[in-house]
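Structure data (mmCIF, C-alpha atoms and all ligand atoms) from query-v7.cif:
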```
data_coords
loop_
_atom_site.label_atom_id
_atom_site.label_comp_id
_atom_site.auth_asym_id
_atom_site.auth_seq_id
_atom_site.Cartn_x
_atom_site.Cartn_y
_atom_site.Cartn_z
CA MET A 147 -24.67 22.98 30.84
CA THR A 148 -24.06 19.25 30.56
CA SER A 149 -22.16 17.83 27.66
CA ARG A 150 -22.51 14.35 26.28
CA SER A 151 -19.57 12.12 27.07
CA LEU A 152 -17.94 10.42 24.14
CA PRO A 153 -16.02 7.22 24.85
CA ASP A 154 -12.26 7.71 25.37
CA PHE A 155 -10.36 7.86 22.08
CA PRO A 156 -8.82 4.43 22.49
CA TRP A 157 -5.79 4.68 20.24
CA ASP A 158 -3.94 6.89 22.74
CA SER A 159 -3.67 3.90 25.08
CA LEU A 160 -1.50 2.08 22.51
CA ARG A 161 1.29 4.64 22.91
CA PRO A 162 3.42 2.50 25.30
CA ALA A 163 3.19 -0.53 22.97
CA ARG A 164 4.19 1.66 20.04
CA ALA A 165 7.20 2.97 21.95
CA ARG A 166 8.24 -0.57 22.84
CA ALA A 167 7.85 -1.75 19.24
CA ALA A 168 9.91 1.22 18.00
CA GLU A 169 12.92 -0.21 19.84
CA HIS A 170 13.02 -3.24 17.54
CA PRO A 171 16.17 -3.04 15.37
CA GLY A 172 14.20 -4.01 12.26
CA GLY A 173 11.74 -1.17 12.79
CA VAL A 174 8.06 -1.16 13.59
CA VAL A 175 5.50 -3.23 11.72
CA ASP A 176 2.29 -1.33 12.35
CA LEU A 177 -0.73 -3.60 11.91
CA SER A 178 -2.87 -1.63 14.34
CA ILE A 179 -4.81 0.63 11.97
CA GLY A 180 -6.42 -0.52 8.76
CA THR A 181 -5.19 2.28 6.54
CA PRO A 182 -4.35 1.29 2.96
CA VAL A 183 -0.72 1.75 1.87
CA ASP A 184 -0.68 0.66 -1.79
CA PRO A 185 -0.88 3.32 -4.53
CA THR A 186 -4.33 4.61 -5.45
CA PRO A 187 -5.12 3.02 -8.84
CA ASP A 188 -4.77 5.12 -11.99
CA VAL A 189 -8.44 4.73 -12.83
CA LEU A 190 -9.29 6.97 -9.86
CA ARG A 191 -6.33 9.34 -10.17
CA THR A 192 -7.00 10.08 -13.83
CA ALA A 193 -10.71 10.69 -13.29
CA LEU A 194 -9.95 12.92 -10.30
CA ALA A 195 -7.44 14.98 -12.28
CA ASP A 196 -9.74 15.24 -15.30
CA ALA A 197 -12.46 16.68 -13.05
CA ALA A 198 -10.13 19.14 -11.30
CA ASP A 199 -11.90 22.19 -12.75
CA ALA A 200 -14.68 22.46 -10.16
CA PRO A 201 -15.74 26.07 -9.56
CA GLY A 202 -19.32 25.27 -8.53
CA TYR A 203 -20.71 23.48 -5.50
CA PRO A 204 -21.34 19.74 -5.78
CA THR A 205 -24.75 18.44 -4.70
CA ALA A 206 -25.51 16.19 -1.75
CA LEU A 207 -27.42 13.99 -4.19
CA GLY A 208 -24.34 13.23 -6.27
CA THR A 209 -23.95 13.41 -10.03
CA ALA A 210 -26.16 11.31 -12.28
CA ASP A 211 -23.00 9.56 -13.49
CA LEU A 212 -22.05 8.57 -9.98
CA ARG A 213 -25.52 7.37 -8.99
CA THR A 214 -25.78 5.33 -12.18
CA ALA A 215 -22.29 3.84 -11.66
CA ALA A 216 -23.18 3.00 -8.05
CA ALA A 217 -26.42 1.27 -9.06
CA ASP A 218 -24.53 -0.69 -11.74
CA TRP A 219 -21.85 -1.71 -9.24
CA LEU A 220 -24.47 -2.85 -6.72
CA SER A 221 -26.11 -4.93 -9.43
CA ARG A 222 -22.94 -6.32 -11.03
CA ARG A 223 -20.96 -7.14 -7.90
CA LEU A 224 -23.62 -7.70 -5.23
CA GLY A 225 -26.70 -8.81 -7.16
CA VAL A 226 -28.64 -5.87 -5.70
CA THR A 227 -31.19 -3.90 -7.71
CA VAL A 228 -31.91 -0.52 -6.18
CA ALA A 229 -34.91 1.59 -7.19
CA ASP A 230 -34.22 3.99 -10.09
CA PRO A 231 -31.02 5.79 -9.03
CA LEU A 232 -32.11 8.83 -11.02
CA GLY A 233 -35.71 8.82 -9.72
CA ALA A 234 -37.19 11.81 -7.90
CA VAL A 235 -36.60 10.01 -4.58
CA PRO A 236 -32.97 8.80 -4.49
CA SER A 237 -32.07 5.18 -3.84
CA VAL A 238 -28.32 5.87 -3.58
CA ILE A 239 -26.26 8.93 -2.56
CA PRO A 240 -22.55 9.54 -1.98
CA THR A 241 -21.07 10.10 1.49
CA VAL A 242 -17.79 11.68 2.61
CA GLY A 243 -16.29 8.27 3.29
CA SER A 244 -18.48 6.02 5.38
CA LYS A 245 -17.24 6.97 8.85
CA GLU A 246 -19.08 10.30 8.92
CA LEU A 247 -22.26 8.56 7.77
CA VAL A 248 -21.92 5.90 10.46
CA ALA A 249 -21.33 8.57 13.11
CA LEU A 250 -24.10 10.86 11.90
CA LEU A 251 -26.82 8.45 10.75
CA PRO A 252 -28.94 8.54 13.94
CA THR A 253 -28.76 12.35 13.83
CA LEU A 254 -29.48 12.57 10.10
CA LEU A 255 -32.50 10.28 10.52
CA GLY A 256 -33.74 12.58 13.27
CA LEU A 257 -33.92 9.80 15.87
CA GLN A 258 -34.86 11.22 19.26
CA GLY A 259 -34.65 8.89 22.24
CA GLY A 260 -34.46 5.11 22.17
CA THR A 261 -31.88 2.40 21.71
CA VAL A 262 -29.48 1.68 18.87
CA VAL A 263 -28.61 -2.02 18.57
CA ILE A 264 -24.99 -2.63 17.52
CA PRO A 265 -22.87 -5.79 17.21
CA GLU A 266 -21.43 -7.32 20.37
CA VAL A 267 -17.87 -6.60 19.17
CA ALA A 268 -18.01 -3.56 16.91
CA TYR A 269 -16.38 -0.70 15.07
CA PRO A 270 -16.53 2.01 17.78
CA THR A 271 -18.27 4.63 15.61
CA TYR A 272 -21.69 2.91 15.88
CA GLU A 273 -21.65 3.68 19.60
CA VAL A 274 -20.25 7.17 19.04
CA GLY A 275 -23.09 7.98 16.63
CA ALA A 276 -25.68 6.87 19.16
CA VAL A 277 -24.06 8.87 21.95
CA VAL A 278 -23.85 12.00 19.76
CA ALA A 279 -27.60 11.70 19.13
CA GLY A 280 -28.32 11.14 22.85
CA LEU A 281 -29.45 7.53 22.31
CA SER A 282 -28.78 4.36 24.31
CA VAL A 283 -26.80 1.41 22.98
CA LEU A 284 -27.44 -2.32 23.23
CA ARG A 285 -24.81 -4.78 22.00
CA SER A 286 -26.29 -7.93 20.50
CA ASP A 287 -25.37 -10.38 17.74
CA THR A 288 -28.88 -11.79 17.53
CA PRO A 289 -32.22 -9.99 17.33
CA PRO A 290 -32.94 -9.18 20.98
CA ALA A 291 -36.15 -10.48 22.54
CA ASP A 292 -36.28 -7.63 24.98
CA VAL A 293 -35.02 -4.13 24.22
CA ALA A 294 -36.51 -0.84 25.31
CA ASP A 295 -37.60 1.35 22.42
CA PRO A 296 -35.29 0.19 19.60
CA VAL A 297 -34.83 2.88 16.93
CA LEU A 298 -32.01 1.57 14.73
CA VAL A 299 -30.03 -1.63 14.11
CA TRP A 300 -26.44 -1.63 12.86
CA LEU A 301 -25.15 -4.78 11.21
CA ASN A 302 -21.57 -5.08 9.96
CA SER A 303 -20.80 -7.89 7.56
CA PRO A 304 -17.99 -8.64 6.85
CA GLY A 305 -17.32 -7.34 10.33
CA ASN A 306 -14.60 -5.21 11.79
CA PRO A 307 -12.67 -6.30 13.85
CA HIS A 308 -13.35 -10.03 13.56
CA GLY A 309 -14.07 -10.58 9.86
CA ARG A 310 -17.24 -12.51 10.56
CA VAL A 311 -19.78 -12.74 7.75
CA LEU A 312 -23.50 -12.87 8.53
CA SER A 313 -25.26 -15.68 6.67
CA PRO A 314 -28.36 -14.94 4.58
CA GLU A 315 -30.40 -16.66 7.35
CA GLN A 316 -28.93 -14.37 10.01
CA LEU A 317 -29.53 -11.32 7.84
CA ARG A 318 -33.11 -12.40 7.18
CA ALA A 319 -33.76 -12.76 10.91
CA TRP A 320 -32.61 -9.17 11.51
CA VAL A 321 -34.61 -7.85 8.56
CA ALA A 322 -37.78 -9.57 9.82
CA TRP A 323 -37.17 -8.27 13.34
CA GLY A 324 -36.67 -4.70 12.12
CA ARG A 325 -39.62 -4.73 9.79
CA GLU A 326 -41.96 -6.16 12.47
CA ARG A 327 -41.07 -3.23 14.71
CA GLY A 328 -40.67 -0.52 12.09
CA VAL A 329 -36.98 -0.21 13.04
CA PRO A 330 -34.51 0.58 10.22
CA VAL A 331 -31.83 -2.08 9.74
CA VAL A 332 -28.60 -0.66 8.38
CA ALA A 333 -25.77 -2.88 7.18
CA ASP A 334 -22.25 -1.49 7.05
CA GLU A 335 -20.77 -3.48 4.15
CA CYS A 336 -17.55 -1.57 3.63
CA TYR A 337 -15.58 -4.86 3.31
CA VAL A 338 -18.09 -6.56 1.04
CA GLU A 339 -15.55 -6.93 -1.81
CA LEU A 340 -13.12 -8.74 0.50
CA GLY A 341 -14.65 -12.16 1.09
CA TRP A 342 -12.00 -14.92 1.43
CA ASP A 343 -13.53 -18.14 2.69
CA VAL A 344 -17.14 -16.93 2.35
CA ALA A 345 -18.85 -14.71 -0.22
CA PRO A 346 -20.66 -11.97 1.74
CA THR A 347 -24.33 -11.32 0.96
CA SER A 348 -25.66 -7.76 1.01
CA VAL A 349 -28.64 -6.96 3.22
CA LEU A 350 -30.20 -5.52 0.05
CA HIS A 351 -29.89 -8.80 -1.88
CA PRO A 352 -33.31 -10.13 -2.89
CA SER A 353 -32.67 -13.39 -1.00
CA VAL A 354 -32.50 -11.31 2.18
CA ALA A 355 -34.57 -8.20 1.54
CA GLY A 356 -37.24 -9.67 -0.74
CA PRO A 357 -38.31 -7.62 -3.75
CA MET A 358 -38.33 -4.26 -1.91
CA HIS A 359 -35.81 -2.50 0.33
CA ASP A 360 -38.31 -1.09 2.82
CA GLY A 361 -36.69 -0.39 6.18
CA LEU A 362 -33.21 -1.29 4.92
CA LEU A 363 -30.02 0.65 4.17
CA ALA A 364 -26.55 -0.44 3.10
CA VAL A 365 -23.31 1.49 3.58
CA HIS A 366 -20.38 0.99 1.20
CA SER A 367 -16.94 2.52 0.95
CA LEU A 368 -14.24 2.84 -1.67
CA SER A 369 -11.52 3.27 0.96
CA LYS A 370 -10.39 -0.34 0.98
CA GLN A 371 -11.72 -1.88 -2.22
CA SER A 372 -10.33 0.98 -4.33
CA THR A 373 -7.33 1.89 -2.12
CA ALA A 374 -8.70 5.40 -1.77
CA ALA A 375 -9.24 6.15 1.92
CA GLY A 376 -7.73 9.58 1.27
CA TYR A 377 -10.48 10.43 -1.19
CA ARG A 378 -13.24 10.00 1.42
CA ALA A 379 -15.65 8.15 -0.81
CA GLY A 380 -18.67 6.22 0.45
CA LEU A 381 -22.21 5.31 -0.57
CA LEU A 382 -25.58 4.97 1.13
CA SER A 383 -28.25 2.97 -0.67
CA GLY A 384 -31.51 1.14 -0.06
CA ASP A 385 -35.04 2.16 0.91
CA PRO A 386 -35.67 5.42 -1.00
CA ALA A 387 -37.78 6.80 1.86
CA LEU A 388 -34.83 6.45 4.26
CA VAL A 389 -32.19 7.56 1.75
CA ALA A 390 -34.28 10.67 1.02
CA ARG A 391 -34.54 11.51 4.74
CA VAL A 392 -30.77 11.32 5.05
CA TRP A 393 -30.26 13.24 1.80
CA GLU A 394 -32.52 16.10 2.97
CA ALA A 395 -30.54 16.48 6.18
CA ARG A 396 -27.23 16.29 4.30
CA ARG A 397 -28.32 19.09 1.97
CA HIS A 398 -29.02 21.33 4.95
CA LEU A 399 -25.75 20.45 6.64
CA GLY A 400 -23.60 20.79 3.51
CA LEU A 401 -22.30 17.22 3.71
CA LEU A 402 -21.07 17.21 0.13
CA VAL A 403 -18.60 14.92 -1.62
CA PRO A 404 -16.25 17.11 -3.72
CA GLY A 405 -16.99 16.99 -7.45
CA PRO A 406 -13.60 15.57 -8.50
CA VAL A 407 -13.99 12.80 -5.92
CA GLN A 408 -17.45 12.01 -7.28
CA ALA A 409 -15.90 11.66 -10.74
CA ALA A 410 -13.21 9.34 -9.36
CA MET A 411 -15.87 7.28 -7.57
CA ALA A 412 -17.90 6.88 -10.75
CA ALA A 413 -14.81 5.69 -12.62
CA ALA A 414 -13.80 3.30 -9.83
CA LEU A 415 -17.27 1.79 -9.51
CA GLY A 416 -17.18 0.98 -13.22
CA ASP A 417 -13.86 -0.86 -13.06
CA ASP A 418 -13.50 -4.30 -11.49
CA GLY A 419 -9.83 -4.83 -12.41
CA HIS A 420 -8.33 -2.61 -9.71
CA VAL A 421 -10.56 -4.22 -7.07
CA GLU A 422 -9.33 -7.67 -8.10
CA LEU A 423 -5.74 -6.44 -7.82
CA ALA A 424 -6.36 -5.10 -4.31
CA ARG A 425 -8.03 -8.39 -3.39
CA SER A 426 -5.11 -10.44 -4.63
CA ARG A 427 -2.60 -8.31 -2.71
CA TYR A 428 -4.56 -8.51 0.52
CA GLY A 429 -5.25 -12.20 0.00
CA ALA A 430 -1.53 -12.98 -0.34
CA ARG A 431 -0.66 -10.92 2.75
CA ARG A 432 -3.44 -12.64 4.66
CA ASP A 433 -2.17 -16.12 3.79
CA ARG A 434 1.38 -15.31 4.87
CA LEU A 435 0.40 -13.53 8.09
CA ARG A 436 -2.15 -16.14 9.05
CA ALA A 437 0.35 -18.99 8.74
CA ALA A 438 2.95 -17.02 10.72
CA VAL A 439 0.51 -16.11 13.50
CA GLU A 440 -0.50 -19.76 13.84
CA ALA A 441 3.13 -20.88 13.89
CA TRP A 442 3.67 -18.35 16.69
CA GLY A 443 0.90 -19.93 18.77
CA GLY A 444 -2.00 -17.65 17.97
CA ARG A 445 -5.44 -18.89 17.00
CA VAL A 446 -7.23 -17.04 14.23
CA ASP A 447 -10.98 -16.83 14.88
CA HIS A 448 -13.58 -15.86 12.25
CA SER A 449 -11.60 -13.71 9.76
CA GLU A 450 -13.32 -15.36 6.81
CA ALA A 451 -13.60 -11.97 5.13
CA GLY A 452 -12.44 -8.38 5.50
CA LEU A 453 -9.14 -6.76 6.17
CA TYR A 454 -8.14 -8.18 9.54
CA LEU A 455 -7.05 -11.29 11.40
CA TRP A 456 -8.83 -11.73 14.74
CA VAL A 457 -6.26 -13.48 16.87
CA THR A 458 -6.19 -14.91 20.39
CA ARG A 459 -3.74 -16.73 22.60
CA ASP A 460 -6.50 -17.25 25.18
CA GLU A 461 -5.10 -14.48 27.34
CA ASP A 462 -5.92 -10.84 28.03
CA CYS A 463 -5.56 -8.80 24.85
CA TRP A 464 -3.06 -6.39 26.41
CA THR A 465 -0.73 -9.31 27.18
CA THR A 466 -0.84 -10.27 23.51
CA VAL A 467 -0.34 -6.62 22.48
CA ASP A 468 2.80 -6.51 24.64
CA ARG A 469 4.15 -9.84 23.34
CA LEU A 470 3.82 -8.56 19.79
CA ALA A 471 5.27 -5.16 20.68
CA ASP A 472 8.39 -7.03 21.85
CA LEU A 473 8.64 -8.30 18.25
CA GLY A 474 8.21 -4.76 16.96
CA VAL A 475 4.65 -5.49 15.78
CA VAL A 476 1.83 -3.13 16.80
CA VAL A 477 -1.71 -4.51 16.83
CA ALA A 478 -5.08 -3.30 18.09
CA PRO A 479 -6.36 -4.77 21.38
CA GLY A 480 -9.78 -6.36 21.01
CA ALA A 481 -11.02 -4.44 24.05
CA PHE A 482 -11.27 -1.38 21.79
CA TYR A 483 -14.27 -3.03 20.14
CA GLY A 484 -16.30 -4.04 23.18
CA PRO A 485 -16.00 -6.18 26.33
CA ALA A 486 -16.44 -9.40 24.33
CA GLY A 487 -13.23 -8.59 22.45
CA GLU A 488 -11.00 -8.57 25.52
CA ARG A 489 -9.15 -11.81 24.70
CA HIS A 490 -8.37 -11.04 21.06
CA VAL A 491 -6.17 -8.68 19.09
CA ARG A 492 -6.77 -7.39 15.58
CA LEU A 493 -4.06 -7.53 12.93
CA ALA A 494 -4.66 -5.41 9.84
CA LEU A 495 -3.62 -6.69 6.41
CA THR A 496 -2.83 -3.14 5.32
CA ALA A 497 0.96 -3.16 5.44
CA THR A 498 3.41 -3.26 2.57
CA ASP A 499 4.71 -6.64 1.43
CA GLU A 500 8.09 -5.70 2.88
CA ARG A 501 6.57 -5.02 6.34
CA VAL A 502 4.43 -8.16 6.17
CA ASP A 503 7.59 -10.15 5.38
CA ALA A 504 9.29 -8.56 8.40
CA ALA A 505 6.36 -9.54 10.64
CA VAL A 506 6.35 -13.09 9.26
CA ALA A 507 10.10 -13.46 9.85
CA ARG A 508 9.78 -12.30 13.47
CA LEU A 509 6.72 -14.43 14.24
CA THR A 510 8.35 -17.56 12.84
CA ALA A 511 11.90 -17.01 14.13
C1 LIG B 1 -16.66 -1.26 9.84
C2 LIG B 1 -16.19 0.03 9.29
N1 LIG B 1 -17.09 0.91 8.87
C3 LIG B 1 -16.71 2.10 8.37
C4 LIG B 1 -15.38 2.44 8.27
C5 LIG B 1 -15.03 3.79 7.73
O1 LIG B 1 -14.40 3.72 6.54
P1 LIG B 1 -14.32 4.98 5.56
O2 LIG B 1 -14.74 6.20 6.34
O3 LIG B 1 -12.91 5.04 5.14
O4 LIG B 1 -15.26 4.69 4.45
C6 LIG B 1 -14.41 1.55 8.70
C7 LIG B 1 -12.98 1.92 8.60
O5 LIG B 1 -12.09 1.24 8.89
C8 LIG B 1 -14.82 0.32 9.23
O6 LIG B 1 -13.94 -0.58 9.66
#
```
Just dump the structure as structure tokens.
Amino acid sequence: MTSRSLPDFPWDSLRPARARAAEHPGGVVDLSIGTPVDPTPDVLRTALADAADAPGYPTALGTADLRTAAADWLSRRLGVTVADPLGAVPSVIPTVGSKELVALLPTLLGLQGGTVVIPEVAYPTYEVGAVVAGLSVLRSDTPPADVADPVLVWLNSPGNPHGRVLSPEQLRAWVAWGRERGVPVVADECYVELGWDVAPTSVLHPSVAGPMHDGLLAVHSLSKQSTAAGYRAGLLSGDPALVARVWEARRHLGLLVPGPVQAAMAAALGDDGHVELARSRYGARRDRLRAAVEAWGGRVDHSEAGLYLWVTRDEDCWTTVDRLADLGVVVAPGAFYGPAGERHVRLALTATDERVDAAVARLTA
């Protein structure tokens, strides 16, 4: 029996840098993983607690309340109008956070053979999902002229790790390319609420998609915008024919978002105040860290949106990782995200103000 080989789990290779950083007398500042640290807002906690009586199974489709709240959020915040969220063929469904959806999408769509196109420097799970489904991977930031049997395109805007935002023109080029070939184009937009220098446009926006969403899907997540990574709360929306294919498979597999989490999601999607608060916290941390990194001699590339600073000192990323570990600061090497990331490191904005202050003091000392 042969087994498919997943890429190495990269985080293990950061262990030496972590150990070195732990020796710093002021303690470690861990900016390596983008896991939120601020309290989950009351709007989610209250709705979760109020829905705690949940003896029956939830559905893969999601409650009507949640689908309606999701469609309203897409319209209010992103200018996207999905087909009737309560129609017989769904235009939006909940996911157990977005990572499982990213990893499973090729499988859930039933793709058999062919190539998945992913960004040049990318969140590793796009590749993992292709490998799990036995598919090939091509890394490209522009629609490729020559690719054998493309079956799926992943876009990620704002992007992890580099915070780059795809312009409406770039999105339109991908949409046209996918539609010409009958290849679904899926945009992971889990940082869409975190635009700093640029307002991100959804792939489902009419200026990109046109009046219909055929061939297009968007992936959203409440992990960062609602400080609720522990809830595992994501959304898939877009072309009802594609959403329905994924929904059917999810029903069979039992990929269900727990009922109380669905209630919390519906409440969160109806409330913009807590998202603004999260934005202002991350924005302030970003300003402080960015200035400190530049004072330290780092150059911040892209990073116009999202939860990270994409930093280079024009040297191998592991050299930069070690320099920062000497200051007690742990960051992710860009090589984790593809060969084109080898001269950058990624700094997450998800640390407490106190830890961000510690990092700033050390970088500017
Ligand atoms: C680009 C991207 N997509 C998806 C995810 C998964 O997020 P979650 O599963 O918390 O929704 C992450 C997490 O950091 C990410 O960076």
Closest atom pairs, segment 237-315 of chain A residues within 12 Å of segment 172-190 of chain A, all atoms listed in the file, as CSV:
```
residue,atom,partner,partner_atom,distance
A:Tyr269,CA,A:Gly180,CA,11.8
A:Asn306,CA,A:Gly180,CA,9.9
A:Pro307,CA,A:Gly180,CA,9.9
```
For ligand LIG 1 (chain B), collect every residue having any atom at a distance of at most 7 Å from a ligand atom (counting all atoms listed in the file); output as a PDB file with C-alpha atoms, in the coordinates of the input.
```pdb
ATOM      1  CA  GLY A 180      -6.420  -0.520   8.760  1.00  0.00           C
ATOM      2  CA  GLY A 243     -16.290   8.270   3.290  1.00  0.00           C
ATOM      3  CA  SER A 244     -18.480   6.020   5.380  1.00  0.00           C
ATOM      4  CA  LYS A 245     -17.240   6.970   8.850  1.00  0.00           C
ATOM      5  CA  GLU A 246     -19.080  10.300   8.920  1.00  0.00           C
ATOM      6  CA  VAL A 248     -21.920   5.900  10.460  1.00  0.00           C
ATOM      7  CA  TYR A 269     -16.380  -0.700  15.070  1.00  0.00           C
ATOM      8  CA  ASN A 302     -21.570  -5.080   9.960  1.00  0.00           C
ATOM      9  CA  GLY A 305     -17.320  -7.340  10.330  1.00  0.00           C
ATOM     10  CA  ASN A 306     -14.600  -5.210  11.790  1.00  0.00           C
ATOM     11  CA  ASP A 334     -22.250  -1.490   7.050  1.00  0.00           C
ATOM     12  CA  CYS A 336     -17.550  -1.570   3.630  1.00  0.00           C
ATOM     13  CA  SER A 367     -16.940   2.520   0.950  1.00  0.00           C
ATOM     14  CA  LEU A 368     -14.240   2.840  -1.670  1.00  0.00           C
ATOM     15  CA  SER A 369     -11.520   3.270   0.960  1.00  0.00           C
ATOM     16  CA  ALA A 375      -9.240   6.150   1.920  1.00  0.00           C
ATOM     17  CA  ARG A 378     -13.240  10.000   1.420  1.00  0.00           C
ATOM     18  CA  ALA A 379     -15.650   8.150  -0.810  1.00  0.00           C
ATOM     19  CA  GLY A 380     -18.670   6.220   0.450  1.00  0.00           C
TER      20      GLY A 380
END
```
* So which residues touch Ser348 of chain A within 9 Å, counting all atoms listed in the file, skipping near sequence neighbours fewer than 2 positions away, as a list of chain:residue names? -> A:Leu224, A:Gly225, A:Val226, A:Ser303, A:Pro314, A:Leu317, A:Ala333, A:Glu335, A:Val338, A:Pro346, A:Leu350, A:His351, A:Pro352, A:Val354, A:Ala355, A:Ala364
Restricting the output to C-alpha atoms, write the selected residues as an mmCIF file, in the frame of the given file.
```
data_model
loop_
_atom_site.group_PDB
_atom_site.id
_atom_site.type_symbol
_atom_site.label_atom_id
_atom_site.label_comp_id
_atom_site.auth_asym_id
_atom_site.auth_seq_id
_atom_site.Cartn_x
_atom_site.Cartn_y
_atom_site.Cartn_z
ATOM 1 C CA LEU A 224 -23.620 -7.700 -5.230
ATOM 2 C CA GLY A 225 -26.700 -8.810 -7.160
ATOM 3 C CA VAL A 226 -28.640 -5.870 -5.700
ATOM 4 C CA SER A 303 -20.800 -7.890 7.560
ATOM 5 C CA PRO A 314 -28.360 -14.940 4.580
ATOM 6 C CA LEU A 317 -29.530 -11.320 7.840
ATOM 7 C CA ALA A 333 -25.770 -2.880 7.180
ATOM 8 C CA GLU A 335 -20.770 -3.480 4.150
ATOM 9 C CA VAL A 338 -18.090 -6.560 1.040
ATOM 10 C CA PRO A 346 -20.660 -11.970 1.740
ATOM 11 C CA LEU A 350 -30.200 -5.520 0.050
ATOM 12 C CA HIS A 351 -29.890 -8.800 -1.880
ATOM 13 C CA PRO A 352 -33.310 -10.130 -2.890
ATOM 14 C CA VAL A 354 -32.500 -11.310 2.180
ATOM 15 C CA ALA A 355 -34.570 -8.200 1.540
ATOM 16 C CA ALA A 364 -26.550 -0.440 3.100
#
```
* To do: May I ask which of the residues A:Gly361, A:Gly474, A:Gly341, A:Pro485 is the closest one to Glu450 of chain A, counting all atoms listed in the file?
  =>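 When distances to Glu450 of chain A are compared using all atoms listed in the file, the smallest one comes from A:Gly341.
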* Could you check how far atom CA of Val321 of chain A sits from atom CA of Pro290 of chain A, in Å to one decimal? =>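 Atom-to-atom, atom CA of Val321 of chain A and atom CA of Pro290 of chain A are spaced 12.6 Å apart.
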* **segment 410-412 of chain A environment, 7 Å, only C-alpha atoms, sequence neighbours closer than 2 positions dropped, as a PyMOL selection string** => chain A and resi 190-191+193-194+211-212+215+379+406-408+414-416
Shell around segment 161-168 of chain A at 7 Å using all atoms listed in the file, local window under 6 positions removed, as a PDB file with C-alpha atoms, in the frame of the given file:
```
ATOM      1  CA  VAL A 174       8.060  -1.160  13.590  1.00  0.00           C
ATOM      2  CA  ASP A 468       2.800  -6.510  24.640  1.00  0.00           C
ATOM      3  CA  ALA A 471       5.270  -5.160  20.680  1.00  0.00           C
ATOM      4  CA  ASP A 472       8.390  -7.030  21.850  1.00  0.00           C
ATOM      5  CA  LEU A 473       8.640  -8.300  18.250  1.00  0.00           C
ATOM      6  CA  GLY A 474       8.210  -4.760  16.960  1.00  0.00           C
ATOM      7  CA  VAL A 475       4.650  -5.490  15.780  1.00  0.00           C
ATOM      8  CA  VAL A 476       1.830  -3.130  16.800  1.00  0.00           C
TER       9      VAL A 476
END
```
* What gap, in Å, lies between atom CA of Gly208 of chain A and atom CA of Leu255 of chain A? ->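 Atom CA of Leu255 of chain A lies 18.9 Å from atom CA of Gly208 of chain A.
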* How many Å separate atom CA of Phe482 of chain A from atom CA of Trp464 of chain A? ->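 Value for the atom CA of Phe482 of chain A-atom CA of Trp464 of chain A distance: 10.7 Å.
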* To do: Name the residues in contact with Ala294 of chain A at a cut-off of 9 Å, using only C-alpha atoms, excluding same-chain residues fewer than 2 positions from it; report them as an MDAnalysis selection string.
  => chainID A and resid 260:261 292 296
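Closest approach to Leu399 of chain A among A:Trp157, A:Ala451, A:Leu250, A:Ala198: A:Leu250, based on all atoms listed in the file.
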* **Residue with smallest distance to Val506 of chain A - pool A:Glu440, A:Asp199, A:Glu273, A:Asp230, counting only C-alpha atoms** => A:Glu440
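Using all atoms listed in the file, the protein and nucleic acid residues lying no more than 8 Å from segment 235-242 of chain A, apart from those fewer than 5 places from it along its own chain, are Ala206, Leu207, Gly208, Arg213, Ala216, Ala217, Val228, Ala229, Asp230, Leu247, Arg378, Ala379, Gly380, Leu381, Leu382, Ser383, Gly384, Asp385, Pro386, Ala387, Val389, Ala390, Trp393, Leu401, Leu402, Val403 and Gln408 of chain A.
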Any chance you could export the current selection's C-alpha atoms as a tab-separated table (two decimals), in the frame of the given file?
```tsv
chain	number	residue	atom	x	y	z
A	206	ALA	CA	-25.51	16.19	-1.75
A	207	LEU	CA	-27.42	13.99	-4.19
A	208	GLY	CA	-24.34	13.23	-6.27
A	213	ARG	CA	-25.52	7.37	-8.99
A	216	ALA	CA	-23.18	3.00	-8.05
A	217	ALA	CA	-26.42	1.27	-9.06
A	228	VAL	CA	-31.91	-0.52	-6.18
A	229	ALA	CA	-34.91	1.59	-7.19
A	230	ASP	CA	-34.22	3.99	-10.09
A	247	LEU	CA	-22.26	8.56	7.77
A	378	ARG	CA	-13.24	10.00	1.42
A	379	ALA	CA	-15.65	8.15	-0.81
A	380	GLY	CA	-18.67	6.22	0.45
A	381	LEU	CA	-22.21	5.31	-0.57
A	382	LEU	CA	-25.58	4.97	1.13
A	383	SER	CA	-28.25	2.97	-0.67
A	384	GLY	CA	-31.51	1.14	-0.06
A	385	ASP	CA	-35.04	2.16	0.91
A	386	PRO	CA	-35.67	5.42	-1.00
A	387	ALA	CA	-37.78	6.80	1.86
A	389	VAL	CA	-32.19	7.56	1.75
A	390	ALA	CA	-34.28	10.67	1.02
A	393	TRP	CA	-30.26	13.24	1.80
A	401	LEU	CA	-22.30	17.22	3.71
A	402	LEU	CA	-21.07	17.21	0.13
A	403	VAL	CA	-18.60	14.92	-1.62
A	408	GLN	CA	-17.45	12.01	-7.28
```
* Asked: Hey, which of A:Gly328, A:His448, A:Ala486, A:Ala504 ends up closest to Ser286 of chain A? Count only C-alpha atoms.
  ->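 Going through A:Gly328, A:His448, A:Ala486, A:Ala504 one by one, the smallest distance to Ser286 of chain A is for A:Ala486.
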* **Counting only C-alpha atoms, the option among A:Leu232, A:Leu453, A:Leu340, A:Leu493 closest to Thr214 of chain A** =>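 Of the candidates, the smallest distance to Thr214 of chain A is held by A:Leu232.
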* Asked: What residues have an atom no more than 10 Å from (-9.2, -14.8, 20.3) in the file's own frame, counting all atoms listed in the file, and can you write them as a ChimeraX atom specification?
  -> /A:308,444-448,455-463,480,486-492
* Asked: Between A:His359, A:Arg469, A:Arg434, A:Arg427, which is the closest to Ala505 of chain A once you count all atoms listed in the file?
  ->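 Answer, going by the shortest atom-to-atom distance: A:Arg434.
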